[in-house]
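Content type PDB, C-alpha atoms, from the file protein.pdb:
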```
ATOM      1  CA  MET A1358       0.000   0.000   0.000
ATOM      2  CA  LYS A1359       2.818   2.422   0.886
ATOM      3  CA  ILE A1360       4.496   1.741  -2.464
ATOM      4  CA  LEU A1361       1.250   2.433  -4.333
ATOM      5  CA  ILE A1362       0.722   5.728  -2.495
ATOM      6  CA  ALA A1363       4.346   6.759  -3.059
ATOM      7  CA  SER A1364       4.076   5.883  -6.765
ATOM      8  CA  LEU A1365       0.873   7.871  -7.179
ATOM      9  CA  PHE A1366       2.379  10.811  -5.333
ATOM     10  CA  PHE A1367       5.475  10.733  -7.549
ATOM     11  CA  VAL A1368       3.392  10.658 -10.745
ATOM     12  CA  ALA A1369       1.222  13.512  -9.467
ATOM     13  CA  SER A1370       4.294  15.598  -8.689
ATOM     14  CA  LEU A1371       5.629  14.991 -12.207
ATOM     15  CA  PHE A1372       2.369  16.240 -13.695
ATOM     16  CA  ALA A1373       2.415  19.266 -11.387
ATOM     17  CA  TRP A1374       6.030  20.022 -12.359
ATOM     18  CA  SER A1375       5.369  19.762 -16.089
ATOM     19  CA  GLY A1376       2.262  21.933 -15.785
ATOM     20  CA  ILE A1377       4.065  24.662 -13.873
ATOM     21  CA  LEU A1378       7.009  24.649 -16.256
ATOM     22  CA  THR A1379       4.944  24.931 -19.429
ATOM     23  CA  THR A1380       2.360  27.414 -18.169
ATOM     24  CA  SER A1381       4.758  29.782 -16.455
ATOM     25  CA  GLN A1382       7.669  29.938 -18.894
ATOM     26  CA  THR A1383       6.464  33.312 -20.087
ATOM     27  CA  SER A1384       6.365  34.870 -16.617
ATOM     28  CA  PHE A1385       9.240  33.164 -14.772
ATOM     29  CA  ILE A1386      12.856  33.098 -15.942
ATOM     30  CA  LYS A1387      14.533  31.149 -13.116
ATOM     31  CA  THR A1388      13.848  27.938 -11.256
ATOM     32  CA  SER A1389      15.190  26.629  -7.968
ATOM     33  CA  LEU A1390      15.144  23.305  -6.204
ATOM     34  CA  VAL A1391      14.981  23.918  -2.451
ATOM     35  CA  ILE A1392      15.302  21.172   0.156
ATOM     36  CA  ILE A1393      14.388  21.871   3.762
ATOM     37  CA  LYS A1394      14.785  19.754   6.883
ATOM     38  CA  ILE A1395      12.305  20.017   9.736
ATOM     39  CA  ASP A1396      13.639  19.519  13.264
ATOM     40  CA  LYS A1397      11.832  16.820  15.286
ATOM     41  CA  PRO A1398       9.549  15.906  12.360
ATOM     42  CA  ASN A1399       6.062  14.486  12.524
ATOM     43  CA  ALA A1400       3.268  14.198   9.968
ATOM     44  CA  SER A1401       1.597  17.430  11.096
ATOM     45  CA  LYS A1402       4.739  19.553  10.726
ATOM     46  CA  VAL A1403       5.547  18.081   7.322
ATOM     47  CA  SER A1404       1.998  18.554   6.018
ATOM     48  CA  ARG A1405       2.065  22.203   7.152
ATOM     49  CA  ALA A1406       5.340  22.670   5.245
ATOM     50  CA  VAL A1407       3.888  21.005   2.138
ATOM     51  CA  ALA A1408       0.877  23.356   2.284
ATOM     52  CA  ILE A1409       3.204  26.336   1.773
ATOM     53  CA  SER A1410       3.490  25.498  -1.938
ATOM     54  CA  ALA A1411      -0.246  26.071  -2.471
ATOM     55  CA  LYS A1412       0.037  29.633  -1.154
ATOM     56  CA  HIS A1413       2.796  30.855  -3.474
ATOM     57  CA  GLN A1414       2.643  31.289  -7.230
ATOM     58  CA  GLY A1415       5.299  29.308  -9.057
ATOM     59  CA  MET A1416       5.988  26.949  -6.160
ATOM     60  CA  THR A1417       5.301  23.221  -6.226
ATOM     61  CA  HIS A1418       5.932  20.505  -3.707
ATOM     62  CA  GLU A1419       7.969  17.666  -5.202
ATOM     63  CA  TYR A1420       8.735  15.261  -2.353
ATOM     64  CA  ASN A1421       8.459  14.848   1.394
ATOM     65  CA  CYS A1422       9.344  12.279   4.040
ATOM     66  CA  SER A1423       7.623  12.509   7.421
ATOM     67  CA  ALA A1424      10.164  10.232   9.087
ATOM     68  CA  SER A1425      13.210  12.330   8.180
ATOM     69  CA  GLY A1426      11.513  15.730   7.961
ATOM     70  CA  ILE A1427      12.738  16.385   4.413
ATOM     71  CA  VAL A1428      10.554  18.502   2.104
ATOM     72  CA  VAL A1429      11.547  19.334  -1.486
ATOM     73  CA  PHE A1430      10.124  22.335  -3.327
ATOM     74  CA  ARG A1431      10.456  23.514  -6.929
ATOM     75  CA  TYR A1432      10.193  27.298  -7.093
ATOM     76  CA  ASN A1433       9.859  29.166 -10.401
ATOM     77  CA  HIS A1434      10.624  32.867  -9.974
ATOM     78  CA  ASN A1435      12.384  35.974 -11.259
ATOM     79  CA  LEU A1436      15.019  36.292  -8.537
ATOM     80  CA  ASN A1437      18.581  36.633  -9.811
ATOM     81  CA  GLU A1438      20.612  35.393  -6.847
ATOM     82  CA  ARG A1439      20.640  32.140  -4.896
ATOM     83  CA  ALA A1440      20.812  34.206  -1.688
ATOM     84  CA  ASP A1441      17.510  35.880  -2.626
ATOM     85  CA  VAL A1442      15.826  32.492  -2.945
ATOM     86  CA  ILE A1443      17.237  31.381   0.420
ATOM     87  CA  GLN A1444      16.067  34.609   2.055
ATOM     88  CA  PHE A1445      12.586  34.203   0.524
ATOM     89  CA  PHE A1446      12.327  30.673   1.920
ATOM     90  CA  GLN A1447      13.674  31.677   5.334
ATOM     91  CA  LYS A1448      11.075  34.442   5.650
ATOM     92  CA  THR A1449       8.319  32.205   4.311
ATOM     93  CA  LEU A1450       9.175  29.350   6.682
ATOM     94  CA  LEU A1451       9.275  31.710   9.686
ATOM     95  CA  LYS A1452       5.890  33.163   8.726
ATOM     96  CA  GLU A1453       4.125  29.921   7.747
ATOM     97  CA  LEU A1454       5.675  27.583  10.338
ATOM     98  CA  PRO A1455       5.999  29.620  13.544
ATOM     99  CA  GLY A1456       7.742  27.744  16.322
ATOM    100  CA  ILE A1457       8.993  24.978  14.025
ATOM    101  CA  LYS A1458      12.762  24.877  13.548
ATOM    102  CA  THR A1459      13.703  24.361   9.891
ATOM    103  CA  GLU A1460      16.932  24.378   7.940
ATOM    104  CA  ILE A1461      17.518  24.897   4.218
ATOM    105  CA  ILE A1462      19.945  22.128   3.321
ATOM    106  CA  PHE A1463      20.075  22.697  -0.452
ATOM    107  CA  CYS A1464      19.189  25.455  -2.895
ATOM    108  CA  ASP A1465      20.118  25.781  -6.552
ATOM    109  CA  LEU A1466      19.310  28.405  -9.169
ATOM    110  CA  MET A1467      19.093  27.992 -12.934
ATOM    111  CA  ASN A1468      17.453  29.534 -15.969
ATOM    112  CA  ILE A1469      14.211  27.843 -16.979
ATOM    113  CA  GLU A1470      15.320  27.494 -20.623
ATOM    114  CA  ASN A1471      18.207  25.294 -19.410
ATOM    115  CA  VAL A1472      16.001  22.818 -17.522
ATOM    116  CA  GLY A1473      16.417  19.328 -18.936
ATOM    117  CA  LYS A1474      19.581  20.144 -20.907
ATOM    118  CA  CYS A1475      22.895  18.477 -20.169
TER     119      CYS A1475
END
```

Hey, can you dump this file as structure tokens for me?
Amino acid sequence: MKILIASLFFVASLFAWSGILTTSQTSFIKTSLVIIKIDKPNASKVSRAVAISAKHQGMTHEYNCSASGIVVFRYNHNLNERADVIQFFQKTLLKELPGIKTEIIFCDLMNIENVGKC
């Protein structure tokens, strides 16, 4: 059952990613993959973190693990610096998850036209 749910979730995230990329290419020029870690994770904390993606244009949730507290976001935006993306996520996490300690463990920045190219 867990494998079926994980498979369905993965397929759904792929559809969400492809939809965001094709519909927002005209308005967003950059994309970032941001991985956060939640301290002392549980299902409630992780689900609250996942809900952040629904509140922000250009942001999708790609993966999460309640046991480890890892949440992966794809964020399409017009920010030019990696530090700007990190600052956006730090402010967003403080606002949306008050009292929950989080850490950004990975953040990249690339042009949308280069996505999928070697």

Practice prompt. I need the residue set behind the PyMOL selection byres ((chain A and resi 1423) around 10) for this file; please write it as a PyMOL selection string.
Written response: chain A and resi 1395+1397-1404+1421-1422+1424-1428

Since I can't run it myself right now, could you work out what the PyMOL selection byres ((chain A and resi 1464) around 6) selects here and report it as a CSV table (one decimal) with C-alpha atoms, in the coordinates of the input?
```csv
chain,number,residue,atom,x,y,z
A,1390,LEU,CA,15.1,23.3,-6.2
A,1391,VAL,CA,15.0,23.9,-2.5
A,1463,PHE,CA,20.1,22.7,-0.5
A,1465,ASP,CA,20.1,25.8,-6.6
```

Fill in: Non-local contacts of stretch 1430-1433 of chain A (10 Å; all atoms listed in the file; under 5 positions in same chain excluded) as a count of residues only
36

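The two atoms in question, atom CA of A:Leu1454 and atom CA of A:Ala1440, are spaced 20.4 Å apart.
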
Discussion item. Report, in Å with one decimal, the straight-line distance from atom CA of A:Lys1394 to atom CA of A:Asn1437.
Written reply: 24.0 Å

Worksheet item: Taking only C-alpha atoms into account, which of A:Lys1412, A:Arg1405, A:His1434, A:Arg1439 comes nearest A:Ile1457?
Response: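 Of all the options, A:Arg1405 lies closest to A:Ile1457.
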
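Note that atom CA of A:Thr1459 and atom CA of A:Phe1445 are 13.6 Å apart.
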
Item to complete: Pick out the closest residue to A:Ile1461 from this set: A:Glu1438, A:Asp1396, A:Ile1443, A:Thr1449. Count all atoms listed in the file.
Response: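 With all atoms listed in the file as the atom set, the closest residue is A:Ile1443.
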
Worksheet item: Which one is closest to A:Ala1408: A:Leu1450, A:Gly1456, A:Asp1441, A:Leu1436? Count only C-alpha atoms.
Response: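 Comparing A:Leu1450, A:Gly1456, A:Asp1441, A:Leu1436 against A:Ala1408, the winner is A:Leu1450.
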
Each side padded by 3 Å, which centre and which edge lengths in Å (one decimal) define the axis-aligned box around the listed atoms of stretch 1397-1403 of chain A? Give them as AutoDock Vina command-line options.
```
--center_x 6.7 --center_y 16.9 --center_z 11.3 --size_x 16.2 --size_y 11.4 --size_z 14.0
```

Would you fill out stretch 1385-1405 of chain A with N, CA and C atoms and return it as a PDB file, in the coordinates of the input?
```pdb
ATOM      1  N   PHE A1385       8.108  33.456 -15.646  1.00  0.00           N
ATOM      2  CA  PHE A1385       9.240  33.164 -14.772  1.00  0.00           C
ATOM      3  C   PHE A1385      10.475  32.846 -15.612  1.00  0.00           C
ATOM      4  N   ILE A1386      11.635  33.347 -15.177  1.00  0.00           N
ATOM      5  CA  ILE A1386      12.856  33.098 -15.942  1.00  0.00           C
ATOM      6  C   ILE A1386      13.834  32.190 -15.215  1.00  0.00           C
ATOM      7  N   LYS A1387      13.631  31.982 -13.917  1.00  0.00           N
ATOM      8  CA  LYS A1387      14.533  31.149 -13.116  1.00  0.00           C
ATOM      9  C   LYS A1387      13.742  30.062 -12.406  1.00  0.00           C
ATOM     10  N   THR A1388      14.443  28.999 -12.049  1.00  0.00           N
ATOM     11  CA  THR A1388      13.848  27.938 -11.256  1.00  0.00           C
ATOM     12  C   THR A1388      14.858  27.493 -10.206  1.00  0.00           C
ATOM     13  N   SER A1389      14.340  27.095  -9.058  1.00  0.00           N
ATOM     14  CA  SER A1389      15.190  26.629  -7.968  1.00  0.00           C
ATOM     15  C   SER A1389      14.618  25.353  -7.372  1.00  0.00           C
ATOM     16  N   LEU A1390      15.505  24.474  -6.981  1.00  0.00           N
ATOM     17  CA  LEU A1390      15.144  23.305  -6.204  1.00  0.00           C
ATOM     18  C   LEU A1390      15.602  23.608  -4.782  1.00  0.00           C
ATOM     19  N   VAL A1391      14.669  23.571  -3.836  1.00  0.00           N
ATOM     20  CA  VAL A1391      14.981  23.918  -2.451  1.00  0.00           C
ATOM     21  C   VAL A1391      14.587  22.741  -1.564  1.00  0.00           C
ATOM     22  N   ILE A1392      15.540  22.288  -0.759  1.00  0.00           N
ATOM     23  CA  ILE A1392      15.302  21.172   0.156  1.00  0.00           C
ATOM     24  C   ILE A1392      15.411  21.697   1.583  1.00  0.00           C
ATOM     25  N   ILE A1393      14.360  21.459   2.361  1.00  0.00           N
ATOM     26  CA  ILE A1393      14.388  21.871   3.762  1.00  0.00           C
ATOM     27  C   ILE A1393      14.322  20.649   4.667  1.00  0.00           C
ATOM     28  N   LYS A1394      14.850  20.803   5.862  1.00  0.00           N
ATOM     29  CA  LYS A1394      14.785  19.754   6.883  1.00  0.00           C
ATOM     30  C   LYS A1394      14.075  20.330   8.093  1.00  0.00           C
ATOM     31  N   ILE A1395      13.081  19.610   8.574  1.00  0.00           N
ATOM     32  CA  ILE A1395      12.305  20.017   9.736  1.00  0.00           C
ATOM     33  C   ILE A1395      12.855  19.306  10.959  1.00  0.00           C
ATOM     34  N   ASP A1396      13.130  20.075  12.017  1.00  0.00           N
ATOM     35  CA  ASP A1396      13.639  19.519  13.264  1.00  0.00           C
ATOM     36  C   ASP A1396      12.502  18.799  14.006  1.00  0.00           C
ATOM     37  N   LYS A1397      12.808  17.641  14.555  1.00  0.00           N
ATOM     38  CA  LYS A1397      11.832  16.820  15.286  1.00  0.00           C
ATOM     39  C   LYS A1397      10.552  16.635  14.458  1.00  0.00           C
ATOM     40  N   PRO A1398      10.679  15.981  13.298  1.00  0.00           N
ATOM     41  CA  PRO A1398       9.549  15.906  12.360  1.00  0.00           C
ATOM     42  C   PRO A1398       8.422  15.009  12.849  1.00  0.00           C
ATOM     43  N   ASN A1399       7.235  15.357  12.409  1.00  0.00           N
ATOM     44  CA  ASN A1399       6.062  14.486  12.524  1.00  0.00           C
ATOM     45  C   ASN A1399       5.158  14.815  11.333  1.00  0.00           C
ATOM     46  N   ALA A1400       4.119  14.038  11.148  1.00  0.00           N
ATOM     47  CA  ALA A1400       3.268  14.198   9.968  1.00  0.00           C
ATOM     48  C   ALA A1400       2.622  15.582   9.911  1.00  0.00           C
ATOM     49  N   SER A1401       2.242  16.124  11.053  1.00  0.00           N
ATOM     50  CA  SER A1401       1.597  17.430  11.096  1.00  0.00           C
ATOM     51  C   SER A1401       2.539  18.537  10.626  1.00  0.00           C
ATOM     52  N   LYS A1402       3.766  18.535  11.120  1.00  0.00           N
ATOM     53  CA  LYS A1402       4.739  19.553  10.726  1.00  0.00           C
ATOM     54  C   LYS A1402       5.041  19.472   9.236  1.00  0.00           C
ATOM     55  N   VAL A1403       5.219  18.264   8.741  1.00  0.00           N
ATOM     56  CA  VAL A1403       5.547  18.081   7.322  1.00  0.00           C
ATOM     57  C   VAL A1403       4.374  18.510   6.446  1.00  0.00           C
ATOM     58  N   SER A1404       3.158  18.159   6.831  1.00  0.00           N
ATOM     59  CA  SER A1404       1.998  18.554   6.018  1.00  0.00           C
ATOM     60  C   SER A1404       1.811  20.071   6.018  1.00  0.00           C
ATOM     61  N   ARG A1405       2.126  20.742   7.117  1.00  0.00           N
ATOM     62  CA  ARG A1405       2.065  22.203   7.152  1.00  0.00           C
ATOM     63  C   ARG A1405       3.116  22.801   6.213  1.00  0.00           C
TER      64      ARG A1405
END
```
